[in-house]
Structures are given as structure tokens and as C-alpha cells.
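Take a look at the structure set out below.
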Amino acid sequence: MSAQAQTIDRTLAALAEPHRRRVVDLLSRGPRPAGELARELGLSPPAMSRHLRALREGGLVEESHPAFDARVRVYALRP
């Protein structure tokens, strides 16, 4: 299987889960902290972390840390 096919497979697998599609929808309106995403979806922080990891590995989102608090992770859709 080619690298491109593997990338497409990871992306589609990440989008196969309804919570992850909702995260993508929320992030389409702008970057948000992980905690805010978890509250919006009614998920525990560990569950949200697993979904965000799948979206990162699928190449759909990227994370950054604001200068005011390196513990906060802000997620945005990848261009």
C-alpha cells in the first residue's frame, strides 16, 4: 500500500467516529482549547484526548500551546 493510501486510510478512520466529526465541525469555526471541546461534547478529558490524538494522527488537526500557559492545548484544523 502506498504512503498516500495509508494517509487517506488514517484520515477516513479518524472521521468515522461521530464525536470526531463534531470536533471537526466545532474547529471549523475557529481554534479551541481541549477542555472547551470536551465540555461542548460532554466527554471526559481522557476521552477527548483519545479523539484528538486520532484526529492529529489522521492529519486533520494541529495543536499549539498559548504563551500564557504551556499546559493548555489549543486545537485548530490543519490548512
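As shown in the C-alpha cells, the chain order sets the letters A, B, ...; within each chain, residues go from 1, and ligands are also counted from 1 in the order they appear.
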
For this session: Among the residues of chain A, find those DSSP assigns to alpha helix (DSSP H) from the backbone and print them as a PyMOL selection string.
Result: chain A and resi 3-15+18-27+34-41+45-57

Could you take the residues named above and write them with N, CA and C atoms, as a CSV table (one decimal), in the first residue's frame?
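Produced file out-v1.csv, reproduced below:
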chain,number,residue,atom,x,y,z
A,3,ALA,N,2.1,5.2,0.5
A,3,ALA,CA,2.1,6.1,1.7
A,3,ALA,C,0.8,7.0,1.6
A,4,GLN,N,0.5,7.4,0.4
A,4,GLN,CA,-0.7,8.3,0.2
A,4,GLN,C,-2.0,7.5,0.6
A,5,ALA,N,-2.1,6.2,0.2
A,5,ALA,CA,-3.2,5.4,0.5
A,5,ALA,C,-3.3,5.2,2.1
A,6,GLN,N,-2.2,5.1,2.7
A,6,GLN,CA,-2.2,4.9,4.2
A,6,GLN,C,-2.6,6.2,4.9
A,7,THR,N,-2.2,7.4,4.3
A,7,THR,CA,-2.6,8.6,4.9
A,7,THR,C,-4.2,8.8,4.7
A,8,ILE,N,-4.7,8.5,3.6
A,8,ILE,CA,-6.1,8.6,3.3
A,8,ILE,C,-6.9,7.6,4.3
A,9,ASP,N,-6.4,6.4,4.5
A,9,ASP,CA,-7.0,5.5,5.4
A,9,ASP,C,-7.0,6.0,6.8
A,10,ARG,N,-5.9,6.6,7.3
A,10,ARG,CA,-5.9,7.2,8.6
A,10,ARG,C,-6.9,8.4,8.8
A,11,THR,N,-7.0,9.2,7.7
A,11,THR,CA,-7.9,10.3,7.8
A,11,THR,C,-9.4,9.8,7.8
A,12,LEU,N,-9.7,8.9,7.0
A,12,LEU,CA,-11.1,8.4,6.9
A,12,LEU,C,-11.4,7.6,8.2
A,13,ALA,N,-10.4,6.9,8.8
A,13,ALA,CA,-10.7,6.2,10.1
A,13,ALA,C,-10.9,7.3,11.2
A,14,ALA,N,-10.2,8.4,11.2
A,14,ALA,CA,-10.4,9.4,12.2
A,14,ALA,C,-11.8,10.0,12.0
A,15,LEU,N,-12.3,10.2,10.8
A,15,LEU,CA,-13.6,10.8,10.6
A,15,LEU,C,-14.8,9.8,10.8
A,18,PRO,N,-18.4,9.6,15.2
A,18,PRO,CA,-19.2,10.8,15.3
A,18,PRO,C,-18.7,11.9,16.2
A,19,HIS,N,-18.1,11.6,17.3
A,19,HIS,CA,-17.5,12.7,18.2
A,19,HIS,C,-16.4,13.4,17.5
A,20,ARG,N,-15.6,12.7,16.7
A,20,ARG,CA,-14.5,13.3,16.0
A,20,ARG,C,-15.1,14.2,14.9
A,21,ARG,N,-16.1,13.8,14.2
A,21,ARG,CA,-16.7,14.7,13.2
A,21,ARG,C,-17.3,16.0,13.9
A,22,ARG,N,-17.8,15.9,15.1
A,22,ARG,CA,-18.3,17.0,15.8
A,22,ARG,C,-17.2,18.0,16.2
A,23,VAL,N,-16.0,17.4,16.6
A,23,VAL,CA,-14.8,18.2,16.9
A,23,VAL,C,-14.4,19.0,15.6
A,24,VAL,N,-14.4,18.3,14.5
A,24,VAL,CA,-14.0,19.0,13.2
A,24,VAL,C,-15.0,20.1,12.9
A,25,ASP,N,-16.3,19.9,13.2
A,25,ASP,CA,-17.3,20.9,13.0
A,25,ASP,C,-17.0,22.1,13.9
A,26,LEU,N,-16.8,21.8,15.2
A,26,LEU,CA,-16.5,22.9,16.1
A,26,LEU,C,-15.3,23.7,15.7
A,27,LEU,N,-14.2,23.0,15.3
A,27,LEU,CA,-13.0,23.7,14.9
A,27,LEU,C,-13.1,24.4,13.6
A,34,ALA,N,-8.7,22.2,24.4
A,34,ALA,CA,-9.1,20.8,24.5
A,34,ALA,C,-10.2,20.8,25.6
A,35,GLY,N,-10.1,21.5,26.7
A,35,GLY,CA,-11.1,21.4,27.7
A,35,GLY,C,-12.5,21.9,27.2
A,36,GLU,N,-12.4,23.0,26.4
A,36,GLU,CA,-13.7,23.5,25.9
A,36,GLU,C,-14.4,22.5,25.0
A,37,LEU,N,-13.6,21.9,24.1
A,37,LEU,CA,-14.1,20.8,23.2
A,37,LEU,C,-14.7,19.7,24.0
A,38,ALA,N,-14.1,19.3,25.1
A,38,ALA,CA,-14.6,18.2,26.0
A,38,ALA,C,-15.9,18.6,26.6
A,39,ARG,N,-16.0,19.8,27.1
A,39,ARG,CA,-17.3,20.3,27.7
A,39,ARG,C,-18.4,20.4,26.6
A,40,GLU,N,-18.1,20.9,25.4
A,40,GLU,CA,-19.1,21.0,24.4
A,40,GLU,C,-19.7,19.7,24.0
A,41,LEU,N,-18.8,18.6,24.0
A,41,LEU,CA,-19.3,17.3,23.6
A,41,LEU,C,-19.7,16.4,24.8
A,45,PRO,N,-12.1,14.4,30.0
A,45,PRO,CA,-10.8,14.8,29.4
A,45,PRO,C,-10.0,13.7,28.7
A,46,PRO,N,-9.9,12.5,29.4
A,46,PRO,CA,-9.2,11.4,28.8
A,46,PRO,C,-9.8,10.9,27.5
A,47,ALA,N,-11.2,10.9,27.4
A,47,ALA,CA,-11.9,10.5,26.2
A,47,ALA,C,-11.6,11.5,25.1
A,48,MET,N,-11.6,12.8,25.4
A,48,MET,CA,-11.4,13.9,24.4
A,48,MET,C,-10.0,13.8,23.9
A,49,SER,N,-9.0,13.5,24.8
A,49,SER,CA,-7.6,13.3,24.4
A,49,SER,C,-7.4,12.2,23.4
A,50,ARG,N,-8.1,11.1,23.6
A,50,ARG,CA,-8.0,10.0,22.6
A,50,ARG,C,-8.6,10.4,21.3
A,51,HIS,N,-9.7,11.1,21.3
A,51,HIS,CA,-10.3,11.6,20.0
A,51,HIS,C,-9.3,12.6,19.3
A,52,LEU,N,-8.8,13.5,20.1
A,52,LEU,CA,-7.9,14.5,19.5
A,52,LEU,C,-6.6,13.8,18.9
A,53,ARG,N,-6.1,12.8,19.6
A,53,ARG,CA,-4.9,12.1,19.1
A,53,ARG,C,-5.2,11.4,17.8
A,54,ALA,N,-6.4,10.8,17.7
A,54,ALA,CA,-6.8,10.2,16.4
A,54,ALA,C,-6.9,11.2,15.3
A,55,LEU,N,-7.4,12.4,15.6
A,55,LEU,CA,-7.5,13.5,14.6
A,55,LEU,C,-6.2,14.0,14.2
A,56,ARG,N,-5.3,14.1,15.2
A,56,ARG,CA,-3.9,14.6,14.9
A,56,ARG,C,-3.2,13.5,14.0
A,57,GLU,N,-3.3,12.3,14.4
A,57,GLU,CA,-2.7,11.2,13.6
A,57,GLU,C,-3.3,11.1,12.2

Counting only C-alpha atoms, what are the residues of stretch 18-51 of chain A within 12 Å of stretch 64-68 of chain A, and for each of them which pair of atoms is the nearest and at what distance in Å, to one decimal? Sort the table by chain and rising number, as a Markdown table.
| residue | atom | partner | partner_atom | distance |
| --- | --- | --- | --- | --- |
| A:Pro31 | CA | A:Ser64 | CA | 9.6 |
| A:Arg32 | CA | A:Ser64 | CA | 10.1 |
| A:Pro33 | CA | A:His65 | CA | 9.2 |
| A:Ala34 | CA | A:Ser64 | CA | 10.5 |

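Here atom CA of A:Gly59 is placed at a distance of 18.0 Å from atom CA of A:Arg29.
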